[in-house]
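**Q** The file below is coords_27.csv, CSV, N, CA and C atoms:
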chain,number,residue,atom,x,y,z
A,1,MET,N,155.0,94.9,55.4
A,1,MET,CA,156.0,95.8,55.9
A,1,MET,C,156.7,95.1,57.1
A,2,LYS,N,158.0,95.3,57.2
A,2,LYS,CA,158.7,94.7,58.2
A,2,LYS,C,159.7,95.7,58.9
A,3,ALA,N,159.2,96.3,59.9
A,3,ALA,CA,160.0,97.3,60.7
A,3,ALA,C,161.2,96.6,61.3
A,4,GLY,N,160.9,95.3,61.8
A,4,GLY,CA,161.9,94.6,62.5
A,4,GLY,C,163.1,94.2,61.6
A,5,GLU,N,162.9,94.3,60.3
A,5,GLU,CA,164.0,93.9,59.4
A,5,GLU,C,165.1,95.0,59.3
A,6,SER,N,164.8,96.2,59.9
A,6,SER,CA,165.8,97.2,59.8
A,6,SER,C,166.8,97.1,60.9
A,7,CYS,N,166.6,96.1,61.8
A,7,CYS,CA,167.6,95.8,62.8
A,7,CYS,C,167.8,94.3,62.9
A,8,LYS,N,168.9,93.9,63.6
A,8,LYS,CA,169.2,92.5,63.8
A,8,LYS,C,168.5,92.0,65.0
A,9,ILE,N,167.9,90.9,64.9
A,9,ILE,CA,167.2,90.3,66.1
A,9,ILE,C,168.3,89.5,66.9
A,10,ALA,N,168.3,89.7,68.2
A,10,ALA,CA,169.3,89.0,69.0
A,10,ALA,C,168.9,87.5,68.9
A,11,GLU,N,169.9,86.7,68.8
A,11,GLU,CA,169.7,85.3,68.6
A,11,GLU,C,170.8,84.5,69.4
A,12,GLN,N,170.7,83.2,69.2
A,12,GLN,CA,171.6,82.3,69.9
A,12,GLN,C,173.0,82.7,69.7
A,13,GLY,N,173.8,82.7,70.8
A,13,GLY,CA,175.2,83.1,70.7
A,13,GLY,C,175.4,84.6,70.8
A,14,SER,N,174.3,85.4,70.8
A,14,SER,CA,174.3,86.8,70.9
A,14,SER,C,174.8,87.2,72.3
A,15,SER,N,175.5,88.3,72.4
A,15,SER,CA,175.9,88.8,73.7
A,15,SER,C,174.9,89.6,74.4
A,16,THR,N,173.7,89.7,73.8
A,16,THR,CA,172.6,90.4,74.4
A,16,THR,C,172.1,89.7,75.6
A,17,PRO,N,172.1,90.3,76.8
A,17,PRO,CA,171.6,89.7,78.0
A,17,PRO,C,170.0,89.6,78.0
A,18,LEU,N,169.5,88.6,78.7
A,18,LEU,CA,168.1,88.4,78.8
A,18,LEU,C,167.8,87.9,80.2
A,19,THR,N,167.0,88.7,80.9
A,19,THR,CA,166.6,88.2,82.3
A,19,THR,C,165.1,87.8,82.1
A,20,ALA,N,164.9,86.5,82.3
A,20,ALA,CA,163.5,86.0,82.1
A,20,ALA,C,162.7,86.1,83.4
A,21,ASN,N,163.3,85.8,84.5
A,21,ASN,CA,162.5,85.8,85.8
A,21,ASN,C,163.3,86.4,86.9
A,22,PRO,N,163.0,87.6,87.3
A,22,PRO,CA,163.8,88.2,88.4
A,22,PRO,C,163.3,87.8,89.8
A,23,PHE,N,162.3,86.9,89.8
A,23,PHE,CA,161.8,86.4,91.1
A,23,PHE,C,161.7,84.9,91.1
A,24,PRO,N,162.9,84.2,91.1
A,24,PRO,CA,162.9,82.8,91.1
A,24,PRO,C,162.3,82.2,92.4
A,25,GLN,N,161.7,81.1,92.3
A,25,GLN,CA,161.1,80.4,93.5
A,25,GLN,C,162.3,80.0,94.4
A,26,GLN,N,162.1,80.1,95.7
A,26,GLN,CA,163.2,79.6,96.6
A,26,GLN,C,162.6,78.6,97.5
A,27,ASN,N,163.5,77.6,97.8
A,27,ASN,CA,163.0,76.6,98.8
A,27,ASN,C,163.5,77.1,100.2
A,28,SER,N,163.1,76.5,101.3
A,28,SER,CA,163.4,77.0,102.6
A,28,SER,C,164.9,77.0,102.9
A,29,GLN,N,165.6,76.0,102.4
A,29,GLN,CA,167.1,76.0,102.7
A,29,GLN,C,167.7,77.2,102.0
A,30,HIS,N,167.3,77.4,100.7
A,30,HIS,CA,167.9,78.6,100.0
A,30,HIS,C,167.6,79.9,100.7
A,31,ARG,N,166.4,80.0,101.3
A,31,ARG,CA,166.0,81.3,102.0
A,31,ARG,C,166.9,81.4,103.2
A,32,ARG,N,167.2,80.3,103.9
A,32,ARG,CA,168.0,80.4,105.1
A,32,ARG,C,169.4,80.7,104.8
A,33,GLU,N,169.9,80.2,103.7
A,33,GLU,CA,171.3,80.5,103.3
A,33,GLU,C,171.5,81.8,102.4
A,34,GLY,N,170.4,82.4,102.1
A,34,GLY,CA,170.4,83.6,101.3
A,34,GLY,C,170.7,83.4,99.8
A,35,LEU,N,170.3,82.2,99.4
A,35,LEU,CA,170.6,81.8,98.0
A,35,LEU,C,169.3,81.8,97.2
A,36,SER,N,169.4,82.0,95.9
A,36,SER,CA,168.2,81.9,95.0
A,36,SER,C,168.4,80.7,94.0
A,37,ALA,N,167.4,80.0,93.8
A,37,ALA,CA,167.4,78.9,92.8
A,37,ALA,C,167.0,79.5,91.5
A,38,VAL,N,167.9,79.4,90.5
A,38,VAL,CA,167.6,80.0,89.2
A,38,VAL,C,167.6,78.9,88.1
A,39,ARG,N,166.5,79.0,87.3
A,39,ARG,CA,166.4,78.0,86.2
A,39,ARG,C,166.7,78.8,84.9
A,40,VAL,N,167.6,78.2,84.1
A,40,VAL,CA,168.1,79.0,82.9
A,40,VAL,C,167.5,78.3,81.7
A,41,LEU,N,167.1,79.2,80.8
A,41,LEU,CA,166.6,78.7,79.5
A,41,LEU,C,167.8,78.6,78.6
A,42,PRO,N,167.9,77.5,77.9
A,42,PRO,CA,169.1,77.3,77.0
A,42,PRO,C,169.0,78.4,75.8
A,43,HIS,N,170.2,78.8,75.4
A,43,HIS,CA,170.3,79.8,74.4
A,43,HIS,C,169.5,79.5,73.1
A,44,HIS,N,169.5,78.2,72.7
A,44,HIS,CA,168.7,77.9,71.5
A,44,HIS,C,167.2,78.0,71.6
A,45,LYS,N,166.8,78.1,72.9
A,45,LYS,CA,165.3,78.2,73.1
A,45,LYS,C,164.9,79.7,73.2
A,46,MET,N,165.9,80.6,73.3
A,46,MET,CA,165.6,82.0,73.4
A,46,MET,C,165.3,82.7,72.1
A,47,ASP,N,165.8,82.2,71.0
A,47,ASP,CA,165.5,82.8,69.7
A,47,ASP,C,164.1,83.2,69.4
A,48,PRO,N,163.1,82.3,69.7
A,48,PRO,CA,161.7,82.7,69.5
A,48,PRO,C,161.2,83.8,70.4
A,49,LEU,N,161.8,83.9,71.6
A,49,LEU,CA,161.5,85.1,72.4
A,49,LEU,C,161.9,86.4,71.8
A,50,PHE,N,163.1,86.5,71.3
A,50,PHE,CA,163.6,87.7,70.7
A,50,PHE,C,162.7,88.0,69.4
A,51,THR,N,162.4,87.0,68.7
A,51,THR,CA,161.6,87.2,67.5
A,51,THR,C,160.2,87.8,67.9
A,52,ALA,N,159.6,87.2,68.9
A,52,ALA,CA,158.3,87.6,69.4
A,52,ALA,C,158.3,89.1,69.8
A,53,VAL,N,159.4,89.5,70.5
A,53,VAL,CA,159.5,90.9,70.9
A,53,VAL,C,159.5,91.8,69.8
A,54,VAL,N,160.3,91.5,68.7
A,54,VAL,CA,160.4,92.3,67.5
A,54,VAL,C,159.0,92.4,66.9
A,55,GLU,N,158.4,91.3,66.7
A,55,GLU,CA,157.1,91.2,66.0
A,55,GLU,C,156.0,92.0,66.8
A,56,ALA,N,156.0,91.9,68.1
A,56,ALA,CA,155.0,92.6,68.9
A,56,ALA,C,155.2,94.1,68.9
A,57,THR,N,156.5,94.5,68.9
A,57,THR,CA,156.8,95.9,68.8
A,57,THR,C,156.4,96.5,67.4
A,58,GLU,N,156.7,95.7,66.4
A,58,GLU,CA,156.4,96.1,65.0
A,58,GLU,C,154.8,96.3,64.9
A,59,GLU,N,154.1,95.4,65.4
A,59,GLU,CA,152.6,95.5,65.4
A,59,GLU,C,152.1,96.7,66.2
A,60,ALA,N,152.7,96.9,67.3
A,60,ALA,CA,152.3,98.1,68.1
A,60,ALA,C,152.5,99.4,67.4
A,61,VAL,N,153.6,99.5,66.7
A,61,VAL,CA,153.9,100.7,66.0
A,61,VAL,C,152.9,100.9,64.8
A,62,TYR,N,152.7,99.9,64.1
A,62,TYR,CA,151.7,100.0,63.0
A,62,TYR,C,150.3,100.3,63.5
A,63,ASN,N,149.9,99.7,64.5
A,63,ASN,CA,148.6,99.9,65.1
A,63,ASN,C,148.5,101.4,65.5
A,64,SER,N,149.5,101.9,66.2
A,64,SER,CA,149.4,103.3,66.6
A,64,SER,C,149.4,104.3,65.4
A,65,LEU,N,150.1,103.9,64.3
A,65,LEU,CA,150.0,104.8,63.2
A,65,LEU,C,148.7,104.7,62.4
A,66,PHE,N,148.3,103.5,62.1
A,66,PHE,CA,147.2,103.3,61.2
A,66,PHE,C,145.8,103.3,61.9
A,67,LYS,N,145.8,103.2,63.1
A,67,LYS,CA,144.5,103.2,63.8
A,67,LYS,C,144.2,104.5,64.5
A,68,ALA,N,145.2,105.4,64.5
A,68,ALA,CA,145.0,106.7,65.2
A,68,ALA,C,144.0,107.6,64.4
A,69,THR,N,143.2,108.4,65.1
A,69,THR,CA,142.2,109.2,64.4
A,69,THR,C,142.6,110.7,64.6
A,70,ALA,N,142.0,111.6,63.8
A,70,ALA,CA,142.3,113.0,64.0
A,70,ALA,C,141.8,113.4,65.4
A,71,MET,N,142.5,114.3,66.0
A,71,MET,CA,142.1,114.8,67.3
A,71,MET,C,142.5,116.2,67.6
A,72,THR,N,141.8,116.8,68.5
A,72,THR,CA,142.2,118.1,69.0
A,72,THR,C,142.6,118.0,70.4
A,73,GLY,N,143.8,118.5,70.7
A,73,GLY,CA,144.4,118.4,72.0
A,73,GLY,C,144.4,119.6,72.8
A,74,ARG,N,145.3,119.7,73.7
A,74,ARG,CA,145.3,120.9,74.6
A,74,ARG,C,145.5,122.1,73.8
A,75,ASP,N,144.9,123.2,74.3
A,75,ASP,CA,145.0,124.5,73.7
A,75,ASP,C,144.6,124.5,72.2
A,76,ASN,N,143.6,123.6,71.9
A,76,ASN,CA,143.0,123.5,70.6
A,76,ASN,C,144.0,123.1,69.5
A,77,HIS,N,145.1,122.4,69.9
A,77,HIS,CA,146.1,121.9,68.9
A,77,HIS,C,145.4,120.7,68.1
A,78,PHE,N,145.4,120.8,66.8
A,78,PHE,CA,144.8,119.8,66.0
A,78,PHE,C,145.9,118.9,65.3
A,79,CYS,N,145.6,117.6,65.3
A,79,CYS,CA,146.5,116.7,64.7
A,79,CYS,C,145.7,115.8,63.8
A,80,GLN,N,146.0,115.8,62.5
A,80,GLN,CA,145.3,115.0,61.5
A,80,GLN,C,145.8,113.6,61.6
A,81,ALA,N,144.8,112.7,61.3
A,81,ALA,CA,145.2,111.2,61.2
A,81,ALA,C,146.1,111.0,60.0
A,82,LEU,N,146.8,109.9,60.1
A,82,LEU,CA,147.7,109.5,59.0
A,82,LEU,C,146.8,109.2,57.8
A,83,PRO,N,147.1,109.7,56.6
A,83,PRO,CA,146.4,109.3,55.4
A,83,PRO,C,146.7,107.9,55.0
A,84,VAL,N,146.0,106.9,55.5
A,84,VAL,CA,146.4,105.5,55.3
A,84,VAL,C,146.5,105.1,53.8
A,85,LYS,N,145.5,105.5,53.0
A,85,LYS,CA,145.6,105.2,51.6
A,85,LYS,C,146.8,105.7,50.9
A,86,ARG,N,147.2,106.9,51.2
A,86,ARG,CA,148.4,107.5,50.6
A,86,ARG,C,149.7,106.8,51.1
A,87,VAL,N,149.7,106.5,52.4
A,87,VAL,CA,150.9,105.8,52.9
A,87,VAL,C,151.0,104.4,52.3
A,88,LEU,N,149.9,103.7,52.1
A,88,LEU,CA,149.9,102.4,51.5
A,88,LEU,C,150.4,102.5,50.0
A,89,GLU,N,150.0,103.6,49.3
A,89,GLU,CA,150.4,103.8,47.9
A,89,GLU,C,151.9,104.0,47.9
A,90,ILE,N,152.4,104.8,48.8
A,90,ILE,CA,153.9,105.1,48.8
A,90,ILE,C,154.6,103.8,49.1
A,91,CYS,N,154.1,103.0,50.1
A,91,CYS,CA,154.7,101.7,50.4
A,91,CYS,C,154.8,100.8,49.2
A,92,ARG,N,153.7,100.7,48.5
A,92,ARG,CA,153.7,99.9,47.3
A,92,ARG,C,154.7,100.4,46.2
A,93,ASN,N,154.8,101.7,46.1
A,93,ASN,CA,155.8,102.2,45.1
A,93,ASN,C,157.2,101.9,45.5
A,94,TYR,N,157.5,101.7,46.7
A,94,TYR,CA,158.8,101.4,47.2
A,94,TYR,C,159.0,99.9,47.6
A,95,ASN,N,158.0,99.1,47.2
A,95,ASN,CA,158.0,97.6,47.4
A,95,ASN,C,158.3,97.3,48.9
A,96,VAL,N,157.7,97.9,49.8
A,96,VAL,CA,157.9,97.6,51.2
A,96,VAL,C,156.7,96.8,51.8
A,97,LEU,N,155.7,96.5,51.0
A,97,LEU,CA,154.6,95.7,51.5
A,97,LEU,C,154.9,94.2,51.2
A,98,ASP,N,154.4,93.3,52.1
A,98,ASP,CA,154.5,91.9,51.9
A,98,ASP,C,153.8,91.4,50.7
Just give me the structure of the file as structure tokens.
**A**
Amino acid sequence: MKAGESCKIAEQGSSTPLTANPFPQQNSQHRREGLSAVRVLPHHKMDPLFTAVVEATEEAVYNSLFKATAMTGRDNHFCQALPVKRVLEICRNYNVLD
């Protein structure tokens, strides 16, 4: 299954902003002058970062769905766990499994 395939991953040339380091190291001259030294990652090197974010988010969603167990919460509210076998069967029927 590929949840990330339902959206476009930001990539080189994208107008999507990325801030990699909000706390750049400063040398003493920069501190005196109130300047920050910023090192910039070239656009072509950012593509794997965007891909990694999508993949990590996808994995977190699947883990939360498929690893959750039935539970009773506040005021005795009960929530059944996701029926994994049935979900996998539906996914196979719709060809969404790798």
**Q** In Å, how far is it from atom N of Leu82 in chain A to CA of Thr51 in chain A?
**A**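 Atom-to-atom, atom N of Leu82 in chain A to CA of Thr51 in chain A, that is 28.1 Å.
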**Q** Hey, can you check how far CA of Thr57 in chain A sits from CA of Val84 in chain A?
**A**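 CA of Val84 in chain A lies at a distance of 19.6 Å from CA of Thr57 in chain A.
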**Q** Between CA of Lys45 in chain A and CA of Glu59 in chain A, what distance in Å does the model show, to one decimal?
**A**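 Computing the Euclidean distance for CA of Lys45 in chain A and CA of Glu59 in chain A yields 22.8 Å.
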**Q** List the spatial neighbours of Met71 in chain A as number ranges by chain - criterion: any atom at most 6 Å away, all atoms listed in the file, same-chain residues fewer than 4 positions off excluded.
**A** A: 77-81
**Q** Please produce a file of those selected residues containing N, CA and C atoms, as a PDB file, in the coordinates of the input.
**A**
ATOM      1  N   HIS A  77     145.100 122.400  69.900  1.00  0.00           N
ATOM      2  CA  HIS A  77     146.100 121.900  68.900  1.00  0.00           C
ATOM      3  C   HIS A  77     145.400 120.700  68.100  1.00  0.00           C
ATOM      4  N   PHE A  78     145.400 120.800  66.800  1.00  0.00           N
ATOM      5  CA  PHE A  78     144.800 119.800  66.000  1.00  0.00           C
ATOM      6  C   PHE A  78     145.900 118.900  65.300  1.00  0.00           C
ATOM      7  N   CYS A  79     145.600 117.600  65.300  1.00  0.00           N
ATOM      8  CA  CYS A  79     146.500 116.700  64.700  1.00  0.00           C
ATOM      9  C   CYS A  79     145.700 115.800  63.800  1.00  0.00           C
ATOM     10  N   GLN A  80     146.000 115.800  62.500  1.00  0.00           N
ATOM     11  CA  GLN A  80     145.300 115.000  61.500  1.00  0.00           C
ATOM     12  C   GLN A  80     145.800 113.600  61.600  1.00  0.00           C
ATOM     13  N   ALA A  81     144.800 112.700  61.300  1.00  0.00           N
ATOM     14  CA  ALA A  81     145.200 111.200  61.200  1.00  0.00           C
ATOM     15  C   ALA A  81     146.100 111.000  60.000  1.00  0.00           C
TER      16      ALA A  81
END
